[in-house]
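*Asks:* Data: upload18.cif, mmCIF, C-alpha atoms.
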data_final
#
loop_
_atom_site.label_atom_id
_atom_site.label_comp_id
_atom_site.auth_asym_id
_atom_site.auth_seq_id
_atom_site.Cartn_x
_atom_site.Cartn_y
_atom_site.Cartn_z
CA MET A 134 -59.59 16.32 -11.05
CA ASN A 135 -59.05 13.16 -9.00
CA LYS A 136 -57.11 13.25 -5.75
CA ILE A 137 -54.06 10.98 -5.84
CA PHE A 138 -52.19 9.24 -3.03
CA LYS A 139 -49.48 11.29 -1.34
CA ASN A 140 -46.81 9.66 0.80
CA LEU A 141 -45.76 11.15 4.13
CA ASP A 142 -42.88 13.16 2.69
CA GLU A 143 -45.22 14.66 0.08
CA GLN A 144 -47.80 15.46 2.76
CA ILE A 145 -45.14 17.30 4.75
CA GLU A 146 -44.14 19.31 1.69
CA ILE A 147 -47.76 20.26 1.01
CA LEU A 148 -48.15 21.53 4.57
CA LYS A 149 -44.93 23.51 4.35
CA SER A 150 -46.04 25.01 1.04
CA LYS A 151 -49.16 26.21 2.84
CA ASN A 152 -46.99 28.18 5.26
CA LEU A 153 -47.25 25.71 8.16
CA VAL A 154 -44.18 25.63 10.41
CA ILE A 155 -43.00 22.06 11.07
CA GLU A 156 -40.27 21.95 13.69
CA ASP A 157 -39.95 18.16 13.94
CA GLU A 158 -40.68 16.51 10.60
CA GLU A 159 -40.23 12.94 11.84
CA LYS A 160 -42.70 13.50 14.67
CA ALA A 161 -45.11 15.15 12.23
CA LYS A 162 -44.88 12.14 9.88
CA GLU A 163 -45.65 9.78 12.75
CA ILE A 164 -48.71 11.85 13.66
CA LEU A 165 -49.89 12.02 10.03
CA LEU A 166 -49.52 8.25 9.70
CA LYS A 167 -51.54 7.50 12.84
CA GLU A 168 -54.11 10.28 12.71
CA ASN A 169 -54.63 10.75 8.95
CA TYR A 170 -53.72 13.88 6.96
CA PHE A 171 -57.33 14.43 5.89
CA PHE A 172 -58.72 14.30 9.44
CA LEU A 173 -55.98 16.56 10.77
CA MET A 174 -56.58 19.13 8.04
CA GLY A 175 -60.21 19.30 9.12
CA TYR A 176 -58.96 21.62 11.88
CA ARG A 177 -57.12 24.02 9.58
CA HIS A 178 -59.92 26.58 9.19
CA MET A 179 -59.22 28.38 12.45
CA PHE A 180 -55.61 28.92 11.37
CA MET A 181 -56.10 30.01 7.77
CA SER A 182 -54.94 33.43 6.60
CA PRO A 183 -57.81 35.88 6.05
CA ASP A 184 -56.41 36.85 2.62
CA LYS A 185 -57.94 33.62 1.22
CA THR A 186 -54.68 32.40 -0.31
CA GLY A 187 -55.24 28.95 1.15
CA LYS A 188 -52.23 29.38 3.42
CA PHE A 189 -51.88 29.30 7.17
CA ILE A 190 -51.52 32.44 9.29
CA GLU A 191 -47.86 33.46 9.42
CA GLY A 192 -46.07 31.52 12.15
CA THR A 193 -48.72 28.81 12.63
CA LYS A 194 -47.05 25.61 13.82
CA PHE A 195 -47.93 22.00 13.10
CA ASP A 196 -48.06 21.44 16.86
CA GLU A 197 -50.84 24.03 17.15
CA LEU A 198 -52.89 22.23 14.51
CA TYR A 199 -52.33 18.88 16.21
CA SER A 200 -53.13 20.36 19.64
CA THR A 201 -56.48 21.53 18.27
CA PHE A 202 -57.12 18.04 16.91
CA LEU A 203 -56.40 16.54 20.34
CA PHE A 204 -58.45 19.23 22.08
CA ASP A 205 -61.45 18.28 19.97
CA ARG A 206 -60.94 14.61 20.81
CA HIS A 207 -60.82 15.40 24.53
CA ILE A 208 -63.89 17.65 24.62
CA ARG A 209 -65.75 15.16 22.40
CA ASN A 210 -65.20 12.52 25.08
CA ILE A 211 -66.40 14.93 27.77
CA VAL A 212 -69.52 15.91 25.82
CA PHE A 213 -70.26 12.32 24.81
CA LYS A 214 -70.28 10.89 28.32
CA ASN A 215 -72.67 13.63 29.45
CA LEU A 216 -74.93 13.14 26.44
CA LEU A 217 -75.12 9.45 27.39
CA ILE A 218 -76.31 10.43 30.87
CA VAL A 219 -79.10 12.55 29.36
CA GLU A 220 -79.93 9.81 26.86
CA ASN A 221 -80.26 7.17 29.55
CA ASN A 222 -82.35 9.47 31.75
CA MET A 223 -84.67 10.41 28.89
CA LYS A 224 -85.17 6.78 27.89
CA SER A 225 -86.04 5.93 31.48
CA VAL A 226 -88.49 8.81 31.86
CA ILE A 227 -90.25 8.17 28.53
CA SER A 228 -90.57 4.43 29.12
CA TYR A 229 -91.91 5.00 32.64
CA GLN A 230 -94.50 7.58 31.60
CA LEU A 231 -95.75 5.60 28.59
CA SER A 232 -95.78 2.24 30.39
CA LYS A 233 -97.70 3.72 33.30
CA LYS A 234 -100.35 5.14 30.98
CA TYR A 235 -100.57 2.66 28.10
CA GLY A 236 -99.31 -0.68 29.41
CA PHE A 237 -96.05 -2.63 29.24
CA LYS A 238 -96.63 -4.97 26.27
CA GLU A 239 -95.68 -3.74 22.81
CA LYS A 240 -99.18 -4.36 21.46
CA ASP A 241 -100.39 -1.87 24.08
CA TYR A 242 -97.74 0.85 24.11
CA LEU A 243 -97.31 0.81 20.31
CA ASP A 244 -101.03 1.23 19.62
CA TYR A 245 -101.53 4.03 17.07
CA ASP A 246 -104.26 5.55 19.26
CA ASN A 247 -101.64 6.38 21.90
CA PHE A 248 -99.96 8.93 19.66
CA THR A 249 -100.81 12.32 18.23
CA GLN A 250 -103.83 12.38 15.95
CA ASP A 251 -102.52 15.44 14.12
CA SER A 252 -103.22 14.83 10.43
CA LEU A 253 -99.88 16.41 9.52
CA LYS A 254 -98.02 13.79 11.55
CA VAL A 255 -99.81 10.61 10.42
CA ARG A 256 -96.93 9.47 8.24
CA GLN A 257 -94.39 10.32 10.93
CA VAL A 258 -96.33 8.28 13.51
CA HIS A 259 -96.39 5.26 11.20
CA ASP A 260 -92.67 5.66 10.40
CA VAL A 261 -91.59 5.84 14.05
CA ILE A 262 -93.73 2.90 15.15
CA ALA A 263 -92.37 0.90 12.20
CA LYS A 264 -88.81 1.71 13.30
CA MET A 265 -89.55 0.59 16.85
CA LYS A 266 -91.13 -2.67 15.68
CA LYS A 267 -88.12 -3.27 13.43
CA GLN A 268 -85.82 -2.86 16.43
CA ILE A 269 -87.87 -5.48 18.28
CA ARG A 270 -87.48 -7.90 15.35
CA THR A 271 -83.82 -7.10 14.75
CA ASN A 272 -82.48 -6.83 18.29
CA GLY A 273 -85.00 -8.87 20.24
CA LYS A 274 -82.85 -11.98 20.31
CA GLN A 275 -79.45 -10.29 20.22
CA HIS A 276 -79.46 -8.53 23.59
CA THR A 277 -79.52 -10.32 26.93
CA ALA A 278 -82.35 -8.24 28.42
CA THR A 279 -84.65 -8.34 25.38
CA LEU A 280 -83.97 -12.05 24.84
CA HIS A 281 -84.81 -12.74 28.48
CA TYR A 282 -88.22 -11.11 28.22
CA LEU A 283 -89.01 -12.67 24.85
CA SER A 284 -88.01 -16.13 26.03
CA ASN A 285 -89.74 -15.98 29.42
CA TYR A 286 -92.72 -13.71 28.84
CA GLY A 287 -93.19 -13.45 25.07
CA TYR A 288 -92.98 -9.66 24.93
CA ILE A 289 -90.53 -6.78 25.43
CA PRO A 290 -91.64 -4.07 27.86
CA MET A 291 -91.02 -0.46 26.99
CA TRP A 292 -88.36 0.00 29.68
CA ILE A 293 -86.31 -2.77 28.04
CA LEU A 294 -87.00 -1.79 24.44
CA VAL A 295 -85.53 1.70 24.94
CA LYS A 296 -82.12 0.14 25.56
CA VAL A 297 -81.90 -0.86 21.89
CA LEU A 298 -83.46 2.30 20.46
CA SER A 299 -81.16 5.00 19.15
CA PHE A 300 -81.37 8.47 20.67
CA GLY A 301 -82.56 9.65 17.25
CA ILE A 302 -85.59 7.36 17.45
CA ILE A 303 -86.25 8.53 21.02
CA ALA A 304 -86.27 12.14 19.77
CA GLU A 305 -88.70 11.17 16.99
CA LEU A 306 -90.84 9.24 19.47
CA TYR A 307 -91.20 12.27 21.73
CA ASN A 308 -92.25 14.35 18.73
CA ILE A 309 -95.22 12.08 17.93
CA LEU A 310 -96.57 11.80 21.47
CA LYS A 311 -99.84 13.42 22.43
CA VAL A 312 -99.44 16.96 23.75
CA GLU A 313 -100.36 15.92 27.31
CA ASP A 314 -97.78 13.11 27.25
CA GLN A 315 -95.08 15.45 25.96
CA LYS A 316 -95.92 17.85 28.77
CA SER A 317 -95.83 15.15 31.46
CA ILE A 318 -92.29 14.26 30.37
CA ALA A 319 -91.10 17.85 29.91
CA ASP A 320 -92.49 18.79 33.34
CA ILE A 321 -90.11 16.32 35.00
CA TYR A 322 -87.23 18.41 33.64
CA LYS A 323 -89.10 21.68 34.26
CA ILE A 324 -88.74 22.43 30.54
CA ASP A 325 -91.36 23.63 28.09
CA SER A 326 -92.41 20.72 25.85
CA GLU A 327 -91.69 22.67 22.65
CA ASN A 328 -88.20 23.42 23.91
CA LEU A 329 -87.62 19.79 24.83
CA SER A 330 -88.54 18.69 21.31
CA GLU A 331 -85.83 20.96 19.88
CA TYR A 332 -83.38 19.93 22.60
CA LEU A 333 -83.75 16.25 21.75
CA TYR A 334 -83.03 16.91 18.08
CA LEU A 335 -79.78 18.72 18.88
CA LEU A 336 -78.76 16.16 21.49
CA ALA A 337 -79.27 13.27 19.07
CA ASN A 338 -77.37 15.10 16.35
CA PHE A 339 -74.36 15.83 18.55
CA ARG A 340 -74.52 12.36 20.10
CA ASN A 341 -74.14 10.75 16.68
CA LEU A 342 -71.32 13.13 15.79
CA CYS A 343 -69.46 12.16 18.96
CA ALA A 344 -70.03 8.45 18.41
CA HIS A 345 -68.54 8.67 14.92
CA GLU A 346 -65.63 10.87 16.05
CA ASP A 347 -66.47 13.72 13.69
CA ILE A 348 -65.27 17.28 14.28
CA LEU A 349 -67.16 18.64 17.26
CA TYR A 350 -65.90 22.03 18.38
CA ASP A 351 -67.25 24.09 15.46
CA HIS A 352 -70.23 21.90 14.53
CA ARG A 353 -73.58 23.55 13.76
CA THR A 354 -76.98 21.87 13.35
CA GLN A 355 -79.73 22.88 10.93
CA LYS A 356 -82.29 23.32 13.71
CA GLU A 357 -81.86 25.85 16.50
CA ILE A 358 -83.06 25.96 20.07
CA LEU A 359 -85.43 28.76 21.01
CA ASP A 360 -84.15 31.93 22.65
CA ASN A 361 -84.02 31.43 26.40
CA ILE A 362 -83.09 32.99 29.71
CA TYR A 363 -79.41 32.04 29.40
CA HIS A 364 -78.96 33.94 26.14
CA LYS A 365 -80.43 36.98 27.88
CA LYS A 366 -78.61 36.69 31.20
CA LEU A 367 -75.25 36.16 29.51
CA ASN A 368 -76.00 39.14 27.29
CA VAL A 369 -75.06 37.09 24.20
CA SER A 370 -74.35 39.35 21.23
CA LYS A 371 -76.87 39.58 18.42
CA THR A 372 -76.80 40.08 14.67
CA GLU A 373 -80.10 41.45 13.37
CA ASP A 374 -82.02 40.22 16.46
CA HIS A 375 -80.50 36.73 16.16
CA TYR A 376 -78.22 35.51 18.95
CA ASP A 377 -74.72 34.79 17.65
CA TYR A 378 -74.03 31.95 20.07
CA GLY A 379 -75.88 29.18 21.85
CA LYS A 380 -78.47 28.43 19.17
CA ASN A 381 -77.22 25.42 17.17
CA ASP A 382 -73.65 24.99 18.36
CA LEU A 383 -71.72 23.41 21.21
CA PHE A 384 -72.82 26.15 23.57
CA ALA A 385 -76.44 25.32 22.73
CA ILE A 386 -75.63 21.80 23.91
CA THR A 387 -74.11 23.29 27.05
CA ILE A 388 -77.33 25.24 27.70
CA ILE A 389 -79.34 22.03 27.23
CA LEU A 390 -77.06 20.12 29.61
CA LYS A 391 -77.54 22.92 32.14
CA GLU A 392 -81.26 22.14 32.13
CA MET A 393 -81.07 18.35 31.92
CA LEU A 394 -78.12 17.32 34.09
CA SER A 395 -77.99 17.52 37.86
CA LYS A 396 -76.16 20.56 39.28
CA GLU A 397 -73.22 18.37 40.30
CA GLU A 398 -73.00 16.70 36.89
CA PHE A 399 -73.19 20.02 35.08
CA ASN A 400 -70.55 21.71 37.22
CA LYS A 401 -68.20 18.77 36.64
CA TYR A 402 -68.84 19.06 32.88
CA ILE A 403 -67.97 22.78 32.94
CA THR A 404 -64.82 22.17 34.99
CA GLU A 405 -63.57 19.49 32.61
CA LEU A 406 -64.40 21.59 29.55
CA ASP A 407 -62.68 24.66 30.97
CA ARG A 408 -59.56 22.63 31.77
CA GLU A 409 -59.27 21.56 28.12
CA ILE A 410 -59.85 25.09 26.86
CA GLN A 411 -57.14 26.48 29.13
CA GLU A 412 -54.73 23.74 28.05
CA LEU A 413 -55.35 24.54 24.39
CA ASP A 414 -54.83 28.25 25.04
CA LYS A 415 -51.35 27.45 26.39
CA LYS A 416 -50.45 25.55 23.23
CA VAL A 417 -51.91 27.85 20.58
CA ASP A 418 -50.30 31.25 20.00
CA SER A 419 -51.31 32.18 16.46
CA VAL A 420 -55.02 32.39 17.31
CA PRO A 421 -56.42 34.20 20.39
CA LEU A 422 -58.57 32.31 22.92
CA ASN A 423 -61.71 34.32 22.14
CA SER A 424 -61.46 33.20 18.50
CA ILE A 425 -61.39 29.58 19.62
CA LEU A 426 -64.37 30.16 21.92
CA ASN A 427 -66.34 31.89 19.19
CA LYS A 428 -65.67 29.00 16.80
CA MET A 429 -67.21 26.75 19.44
CA GLY A 430 -70.20 29.08 19.73
CA PHE A 431 -69.14 30.16 23.23
CA PRO A 432 -69.48 33.78 24.37
CA ASN A 433 -66.43 35.02 26.25
CA ASN A 434 -68.33 34.93 29.59
CA TRP A 435 -69.57 31.35 29.02
CA LYS A 436 -68.54 30.07 32.48
CA ASP A 437 -71.02 32.46 34.13
CA ILE A 438 -73.75 29.98 33.19
CA THR A 439 -72.76 27.94 36.25
CA THR A 440 -73.95 30.73 38.57
CA MET A 441 -77.43 31.01 36.99
#
How would this structure read if it were set down as structure tokens?

*Replies:*
Amino acid sequence: MNKIFKNLDEQIEILKSKNLVIEDEEKAKEILLKENYFFLMGYRHMFMSPDKTGKFIEGTKFDELYSTFLFDRHIRNIVFKNLLIVENNMKSVISYQLSKKYGFKEKDYLDYDNFTQDSLKVRQVHDVIAKMKKQIRTNGKQHTATLHYLSNYGYIPMWILVKVLSFGIIAELYNILKVEDQKSIADIYKIDSENLSEYLYLLANFRNLCAHEDILYDHRTQKEILDNIYHKKLNVSKTEDHYDYGKNDLFAITIILKEMLSKEEFNKYITELDREIQELDKKVDSVPLNSILNKMGFPNNWKDITTM
């Protein structure tokens, strides 16, 4: 059955029929008009009655739903700006290491011999190099830095090219490097190269989600990071030997940021995140704080990660 257009009054009635308490209907209509009924309802799951009737928990208010929507917007901005720091750092490190070893002209650093010779990755190597060459063709004359090098030198060095590469391509690029090159990059972060490969996948996934303003707080990726010291030290609960939190969720991103940001940057991230969580807790009564944390993938003692 096709979905049909519903005006604001009809949207209000639908919400009320689902047991949502709306104390100020005019304010609610204004919010629905500006923020979109569909996007707002994306945050309903935390407030739904467990009896699977499709209705909200008794007493749930529209303001609680909207507060969760705003909370997600705020933490998305916090996460995004920190992901951009990691992205910029990783681009700088990769371009430096590869330029130092293979040269600074694209014909040198994009030579197929510079990448893994693993027969299982031949197609992937060709695909990634093709994507990078396409970015040179597409963006070469559109960005000031790349245009400058093309116009004055006839080539784009790696440290300039990375500015126009997506984080997704950077993650793919790392995955096709020779083992010794992966290790030289991972060693700078004091991270195992296999771990870094998984980290980059999750970071790129969450980075794109933030950039497109999708729902962040309860997002899960298909891939997971490996079990690590933080899962163990925080005594994260398990289900059949699988950690419940910090594997493919926002807390996994927090663990990654712990390892890839400076101490000062990470502590600031935690402080800002905690402030938003505490603010949401003040505004939401129908759902306990630990339920919100668990939806995010956060164990109840999540802030202890700053002391490790």

*Asks:* Could you expand the PyMOL selection byres ((chain A and resi 298-314) around 7) into the explicit residues it covers here, written as a list of chain:residue names?

*Replies:*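 Evaluating the PyMOL selection byres ((chain A and resi 298-314) around 7) on these coordinates yields A:Glu220, A:Phe248, A:Thr249, A:Val258, A:Val261, A:Gln268, A:Leu294, A:Val295, A:Lys296, A:Val297, A:Gln315, A:Lys316, A:Ser317, A:Ile318, A:Ser330, A:Leu333, A:Tyr334, A:Ala337.
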
*Asks:* Could you tell me which of A:Arg209, A:Asp418, A:Phe399, A:Gln275 comes closest to Lys436 in chain A if we count only C-alpha atoms?

*Replies:* A:Phe399

*Asks:* Please list as JSON, numbers by chain every residue within 12 Å of Glu412 in chain A, counting only C-alpha atoms and excluding residues in the same chain fewer than 4 positions away.

*Replies:* {"A": [197, 200, 201, 203, 204, 205, 207, 208, 405, 406, 407, 408, 416, 417, 418, 422]}

*Asks:* Return the single residue from A:Leu217, A:Asn247, A:Ser182, A:Asp374 that is closest to Ser232 in chain A, with distances computed using all atoms listed in the file.

*Replies:*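 Using all atoms listed in the file, Ser232 in chain A sits closest to A:Asn247.
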
*Asks:* Taking (-70.5, 11.3, 35.1) in the file's coordinates as the center, which residues reach within 10 Å of it, counting only C-alpha atoms, put as a short mmCIF file (atom, residue, chain, number, x, y, z; two decimals) with C-alpha atoms, in the frame of the given file?

*Replies:*
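Output (part-v6.cif):
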data_model
loop_
_atom_site.label_atom_id
_atom_site.label_comp_id
_atom_site.auth_asym_id
_atom_site.auth_seq_id
_atom_site.Cartn_x
_atom_site.Cartn_y
_atom_site.Cartn_z
CA ILE A 211 -66.40 14.93 27.77
CA LYS A 214 -70.28 10.89 28.32
CA ASN A 215 -72.67 13.63 29.45
CA LEU A 216 -74.93 13.14 26.44
CA LEU A 217 -75.12 9.45 27.39
CA ILE A 218 -76.31 10.43 30.87
CA LEU A 394 -78.12 17.32 34.09
CA GLU A 397 -73.22 18.37 40.30
CA GLU A 398 -73.00 16.70 36.89
CA PHE A 399 -73.19 20.02 35.08
CA LYS A 401 -68.20 18.77 36.64
CA TYR A 402 -68.84 19.06 32.88
#

*Asks:* Separation of CA of Leu359 in chain A and CA of Phe384 in chain A, in Å?

*Replies:*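 Separating CA of Leu359 in chain A from CA of Phe384 in chain A is a distance of 13.1 Å.
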
*Asks:* Up to 10 Å from (-54.2, 28.4, -2.7) in the file's coordinates: name the residues, counting all atoms listed in the file, as JSON, numbers by chain.

*Replies:* {"A": [150, 151, 185, 186, 187, 188]}

*Asks:* Run the PyMOL selection byres ((chain A and resi 321) around 12) mentally over the shown coordinates, then write out the matched residues as a short mmCIF file (atom, residue, chain, number, x, y, z; two decimals) with C-alpha atoms, in the frame of the given file, using the chain letters and numbers from the document.

*Replies:*
data_model
loop_
_atom_site.label_atom_id
_atom_site.label_comp_id
_atom_site.auth_asym_id
_atom_site.auth_seq_id
_atom_site.Cartn_x
_atom_site.Cartn_y
_atom_site.Cartn_z
CA ASN A 222 -82.35 9.47 31.75
CA MET A 223 -84.67 10.41 28.89
CA SER A 225 -86.04 5.93 31.48
CA VAL A 226 -88.49 8.81 31.86
CA ILE A 227 -90.25 8.17 28.53
CA TYR A 229 -91.91 5.00 32.64
CA GLN A 230 -94.50 7.58 31.60
CA ASP A 314 -97.78 13.11 27.25
CA GLN A 315 -95.08 15.45 25.96
CA LYS A 316 -95.92 17.85 28.77
CA SER A 317 -95.83 15.15 31.46
CA ILE A 318 -92.29 14.26 30.37
CA ALA A 319 -91.10 17.85 29.91
CA ASP A 320 -92.49 18.79 33.34
CA TYR A 322 -87.23 18.41 33.64
CA LYS A 323 -89.10 21.68 34.26
CA ILE A 324 -88.74 22.43 30.54
CA ASP A 325 -91.36 23.63 28.09
CA SER A 326 -92.41 20.72 25.85
CA LEU A 329 -87.62 19.79 24.83
CA GLU A 392 -81.26 22.14 32.13
CA MET A 393 -81.07 18.35 31.92
#

*Asks:* Decode the PyMOL selection byres ((chain A and resi 190) around 9) for the given file into explicit residues and return them as a list in words.

*Replies:*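 Applied to this file, the PyMOL selection byres ((chain A and resi 190) around 9) selects Asn152, Leu153, Phe180, Met181, Ser182, Pro183, Lys188, Phe189, Glu191, Gly192, Thr193, Ser419 and Val420 of chain A.
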
*Asks:* Save out the residues we just selected, C-alpha atoms, as a PDB file, in the frame of the given file.

*Replies:*
ATOM      1  CA  ASN A 152     -46.990  28.180   5.260  1.00  0.00           C
ATOM      2  CA  LEU A 153     -47.250  25.710   8.160  1.00  0.00           C
ATOM      3  CA  PHE A 180     -55.610  28.920  11.370  1.00  0.00           C
ATOM      4  CA  MET A 181     -56.100  30.010   7.770  1.00  0.00           C
ATOM      5  CA  SER A 182     -54.940  33.430   6.600  1.00  0.00           C
ATOM      6  CA  PRO A 183     -57.810  35.880   6.050  1.00  0.00           C
ATOM      7  CA  LYS A 188     -52.230  29.380   3.420  1.00  0.00           C
ATOM      8  CA  PHE A 189     -51.880  29.300   7.170  1.00  0.00           C
ATOM      9  CA  GLU A 191     -47.860  33.460   9.420  1.00  0.00           C
ATOM     10  CA  GLY A 192     -46.070  31.520  12.150  1.00  0.00           C
ATOM     11  CA  THR A 193     -48.720  28.810  12.630  1.00  0.00           C
ATOM     12  CA  SER A 419     -51.310  32.180  16.460  1.00  0.00           C
ATOM     13  CA  VAL A 420     -55.020  32.390  17.310  1.00  0.00           C
TER      14      VAL A 420
END

*Asks:* Of the residues A:Lys264, A:Lys428, A:Lys240, A:Lys380, which is the one nearest to Tyr176 in chain A, using only C-alpha atoms?

*Replies:*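 The closest residue to Tyr176 in chain A is A:Lys428.
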
*Asks:* One decimal, Å: what's the distance from CA of His375 in chain A over to CA of Pro421 in chain A, could you say?

*Replies:*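 Going from CA of His375 in chain A over to CA of Pro421 in chain A, I get 24.6 Å.
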
*Asks:* Expressed in Å to a single decimal, how great is the separation between CA of Asp260 in chain A and CA of Cys343 in chain A?

*Replies:*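 Answer for the CA of Asp260 in chain A to CA of Cys343 in chain A separation: 25.6 Å.
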